[in-house]
Amino acid sequence: MNFISQVNSLTGTIVIDLRDFMNTSPLLIGGIFCYVNAKKEEGKKIEYILPESKEDAINYINNIFFPNGLDYEKYKNEELVERLKAYRENTFIPIIKFPALITEKNNNMLEKLFSEINLILKKQLKLKGDYLEAVQFIIAEFTQNIIDHSDSKFGILISRFYPQNNYIDLCIADSGKGFLKSYLDADKHHPKNDEESLNYAVFGKSTKDPSESRGFGISTSRKMLVQGLNGKLFMMSGNAFFNQNKDKQEIIKLTKKYYYKGCYIAIRIPILFGPQFKYYNFTE
């Protein structure tokens, strides 16, 4: 949010200085990636000053494909999956740009891409059973929301597993039209502002008719993540954000200087699961 505030106050060329950059959270780098992309779409000129002497920082930037992302448009399906296989034995997933415009070619790419992402996470986190189904469901729901509603050319996913702390952080984001415009365009519900549109999304008001609805929605994913897995969720769109953990939930209105075009989602999932969690308790 500090980054957004600073960039929103600038005119002319925006220079992002990464010379002091070290390994950082995917929640930060993923948000920066999509926010900068939105500025580029507005016609802003972006320049980067990359680290030159810090080997660890340079390697990390290269390995997560910053600042351009691992772009689905540059690879055939098999080539992209092959590039990702190396991350099965790692602790992170790079910035993956996935198509958000529905075409036959893109659908085929999405199927292969998320099949590999699920396999990577299964290997990295050693997931199985109900927990594997839950993580896959949560990722599928939030990414599909971008495909269905964002009107963006692409969305992004990036993650990092912290074995010493037993949790994984995931960022899923786009630079599309955001929740408010999605609701208004659907002309089914009519939220007055960004905070009300977030309220609709997290508490289960779909933009689709029940007969057209796909799955159980963000509301189910939120309950599964926070109540079932003791995780944390942060969602930002326009001038508002939603934040929830086991102790509290809140929707906060922001000033215009924090405006985020599109939807930014930050997810933290603990990997020390209890035996009481049952996947179908949250989907039936």
# chains A, B, ... in the order shown; residues from 1 in each chain; ligands from 1
>>> residues_around(residues="A:Ile172", least_positions_apart="2", cutoff="10 Å", atoms="only C-alpha atoms", output="number ranges by chain")
A: 26-27, 30-31, 34, 95-96, 139, 142-143, 146, 155-159, 170, 174, 235, 263-267
>>> residues_around(residues="A:Asn281", least_positions_apart="6", cutoff="12 Å", atoms="only C-alpha atoms", output="number ranges by chain")
A: 130, 134, 220-221, 223-224, 227-228
>>> write_last_selection(atoms="all heavy atoms", output="PDB file, in the first residue's frame")
ATOM      1  N   ASP A 130      -7.587 -34.560   2.210  1.00  0.00           N
ATOM      2  CA  ASP A 130      -8.451 -33.382   2.314  1.00  0.00           C
ATOM      3  C   ASP A 130      -7.681 -32.079   2.164  1.00  0.00           C
ATOM      4  O   ASP A 130      -8.193 -31.101   1.616  1.00  0.00           O
ATOM      5  CB  ASP A 130      -9.175 -33.388   3.659  1.00  0.00           C
ATOM      6  CG  ASP A 130     -10.324 -34.382   3.684  1.00  0.00           C
ATOM      7  OD1 ASP A 130     -10.373 -35.263   2.804  1.00  0.00           O
ATOM      8  OD2 ASP A 130     -11.184 -34.278   4.568  1.00  0.00           O
ATOM      9  N   ALA A 134      -8.290 -29.112  -0.513  1.00  0.00           N
ATOM     10  CA  ALA A 134      -8.615 -27.762  -0.045  1.00  0.00           C
ATOM     11  C   ALA A 134      -7.739 -26.717  -0.709  1.00  0.00           C
ATOM     12  O   ALA A 134      -8.231 -25.686  -1.196  1.00  0.00           O
ATOM     13  CB  ALA A 134      -8.459 -27.689   1.475  1.00  0.00           C
ATOM     14  N   THR A 220     -17.229 -19.620   0.021  1.00  0.00           N
ATOM     15  CA  THR A 220     -16.841 -20.957   0.482  1.00  0.00           C
ATOM     16  C   THR A 220     -15.330 -21.069   0.654  1.00  0.00           C
ATOM     17  O   THR A 220     -14.840 -21.639   1.637  1.00  0.00           O
ATOM     18  CB  THR A 220     -17.328 -22.021  -0.512  1.00  0.00           C
ATOM     19  OG1 THR A 220     -18.750 -21.990  -0.546  1.00  0.00           O
ATOM     20  CG2 THR A 220     -16.876 -23.413  -0.096  1.00  0.00           C
ATOM     21  N   SER A 221     -14.579 -20.521  -0.286  1.00  0.00           N
ATOM     22  CA  SER A 221     -13.117 -20.560  -0.198  1.00  0.00           C
ATOM     23  C   SER A 221     -12.629 -19.845   1.050  1.00  0.00           C
ATOM     24  O   SER A 221     -11.708 -20.303   1.735  1.00  0.00           O
ATOM     25  CB  SER A 221     -12.500 -19.907  -1.437  1.00  0.00           C
ATOM     26  OG  SER A 221     -12.884 -20.570  -2.601  1.00  0.00           O
ATOM     27  N   LYS A 223     -14.270 -19.362   3.910  1.00  0.00           N
ATOM     28  CA  LYS A 223     -14.573 -20.150   5.104  1.00  0.00           C
ATOM     29  C   LYS A 223     -13.613 -21.335   5.233  1.00  0.00           C
ATOM     30  O   LYS A 223     -13.139 -21.653   6.326  1.00  0.00           O
ATOM     31  CB  LYS A 223     -16.018 -20.643   5.052  1.00  0.00           C
ATOM     32  CG  LYS A 223     -17.054 -19.540   5.182  1.00  0.00           C
ATOM     33  CD  LYS A 223     -18.457 -20.085   4.994  1.00  0.00           C
ATOM     34  CE  LYS A 223     -19.496 -18.978   5.029  1.00  0.00           C
ATOM     35  NZ  LYS A 223     -20.858 -19.503   4.752  1.00  0.00           N
ATOM     36  N   MET A 224     -13.350 -21.997   4.103  1.00  0.00           N
ATOM     37  CA  MET A 224     -12.448 -23.142   4.124  1.00  0.00           C
ATOM     38  C   MET A 224     -11.042 -22.722   4.571  1.00  0.00           C
ATOM     39  O   MET A 224     -10.395 -23.380   5.390  1.00  0.00           O
ATOM     40  CB  MET A 224     -12.384 -23.785   2.740  1.00  0.00           C
ATOM     41  CG  MET A 224     -11.587 -25.072   2.684  1.00  0.00           C
ATOM     42  SD  MET A 224     -11.519 -25.764   1.007  1.00  0.00           S
ATOM     43  CE  MET A 224     -13.256 -26.112   0.694  1.00  0.00           C
ATOM     44  N   GLN A 227     -11.636 -20.669   8.544  1.00  0.00           N
ATOM     45  CA  GLN A 227     -12.241 -21.504   9.578  1.00  0.00           C
ATOM     46  C   GLN A 227     -11.692 -22.930   9.563  1.00  0.00           C
ATOM     47  O   GLN A 227     -11.491 -23.534  10.615  1.00  0.00           O
ATOM     48  CB  GLN A 227     -13.758 -21.533   9.405  1.00  0.00           C
ATOM     49  CG  GLN A 227     -14.423 -20.175   9.551  1.00  0.00           C
ATOM     50  CD  GLN A 227     -15.909 -20.211   9.243  1.00  0.00           C
ATOM     51  OE1 GLN A 227     -16.525 -21.273   9.191  1.00  0.00           O
ATOM     52  NE2 GLN A 227     -16.500 -19.047   9.013  1.00  0.00           N
ATOM     53  N   GLY A 228     -11.468 -23.464   8.363  1.00  0.00           N
ATOM     54  CA  GLY A 228     -11.009 -24.844   8.259  1.00  0.00           C
ATOM     55  C   GLY A 228      -9.517 -25.021   8.424  1.00  0.00           C
ATOM     56  O   GLY A 228      -9.064 -25.932   9.119  1.00  0.00           O
TER      57      GLY A 228
END
>>> closest_atom_pairs(of="stretch 5-33 of chain A", to="stretch 58-62 of chain A", cutoff="12 Å", atoms="only C-alpha atoms", output="tab-separated table")
residue	atom	partner	partner_atom	distance
A:Leu18	CA	A:Ile61	CA	9.9
A:Arg19	CA	A:Ile58	CA	9.7
A:Asp20	CA	A:Ile58	CA	10.8
A:Phe21	CA	A:Ile58	CA	8.8
A:Met22	CA	A:Tyr60	CA	8.2
A:Asn23	CA	A:Tyr60	CA	6.6
A:Thr24	CA	A:Tyr60	CA	9.1
A:Ser25	CA	A:Tyr60	CA	11.4
A:Pro26	CA	A:Tyr60	CA	11.3
A:Ile29	CA	A:Ile61	CA	10.0
>>> write_last_selection(atoms="C-alpha atoms", output="mmCIF file, in the first residue's frame")
data_model
loop_
_atom_site.group_PDB
_atom_site.id
_atom_site.type_symbol
_atom_site.label_atom_id
_atom_site.label_comp_id
_atom_site.auth_asym_id
_atom_site.auth_seq_id
_atom_site.Cartn_x
_atom_site.Cartn_y
_atom_site.Cartn_z
ATOM 1 C CA LEU A 18 15.763 -2.567 -6.728
ATOM 2 C CA ARG A 19 19.462 -2.130 -5.923
ATOM 3 C CA ASP A 20 18.833 -2.871 -2.242
ATOM 4 C CA PHE A 21 16.432 -5.683 -3.065
ATOM 5 C CA MET A 22 16.738 -8.983 -1.199
ATOM 6 C CA ASN A 23 14.506 -12.059 -1.178
ATOM 7 C CA THR A 24 11.043 -10.787 -0.388
ATOM 8 C CA SER A 25 7.503 -11.984 0.084
ATOM 9 C CA PRO A 26 5.539 -13.074 -2.995
ATOM 10 C CA ILE A 29 6.306 -8.713 -5.425
#
>>> closest_residue(among="A:Lys40, A:Lys112, A:Phe3, A:Phe282", to="A:Tyr258", atoms="only C-alpha atoms")
A:Phe3
>>> closest_residue(among="A:Val36, A:Ala140, A:Leu10, A:Leu125", to="A:Ile168", atoms="only C-alpha atoms")
A:Leu125
>>> closest_residue(among="A:Phe98, A:Tyr131, A:Phe33, A:Phe161", to="A:Ser175", atoms="only C-alpha atoms")
A:Phe33
>>> select_by_dssp(residues="stretch 129-191 of chain A", states="strand (DSSP E)", output="list in words")
Phe154, Gly155, Ile156, Leu157, Ile158, Ser159, Arg160, Phe161, Tyr162, Tyr167, Ile168, Asp169, Leu170, Cys171, Ile172, Ala173 and Asp174 of chain A
>>> write_last_selection(atoms="C-alpha atoms", output="short mmCIF file (atom, residue, chain, number, x, y, z; two decimals), in the first residue's frame")
data_model
loop_
_atom_site.label_atom_id
_atom_site.label_comp_id
_atom_site.auth_asym_id
_atom_site.auth_seq_id
_atom_site.Cartn_x
_atom_site.Cartn_y
_atom_site.Cartn_z
CA PHE A 154 -4.12 -12.11 -17.82
CA GLY A 155 -3.88 -12.84 -14.11
CA ILE A 156 -0.83 -13.81 -12.08
CA LEU A 157 0.03 -16.36 -9.41
CA ILE A 158 3.19 -16.48 -7.32
CA SER A 159 3.87 -18.40 -4.10
CA ARG A 160 6.54 -19.20 -1.55
CA PHE A 161 6.65 -21.95 1.05
CA TYR A 162 8.43 -21.20 4.35
CA TYR A 167 3.12 -21.84 5.98
CA ILE A 168 2.80 -20.90 2.33
CA ASP A 169 2.08 -17.42 1.00
CA LEU A 170 0.24 -17.07 -2.30
CA CYS A 171 -0.50 -13.95 -4.32
CA ILE A 172 -3.20 -14.08 -6.99
CA ALA A 173 -3.90 -10.79 -8.76
CA ASP A 174 -5.00 -9.00 -11.91
#
>>> closest_residue(among="A:Ser152, A:Gln164, A:Gln249, A:Thr255", to="A:Pro99", atoms="only C-alpha atoms")
A:Ser152
>>> atom_distance(atom1="atom CA of A:Leu110", atom2="atom CA of A:Lys74")
14.3 Å
>>> closest_residue(among="A:Glu89, A:Glu141, A:Glu47, A:Glu78", to="A:Met109", atoms="only C-alpha atoms")
A:Glu78
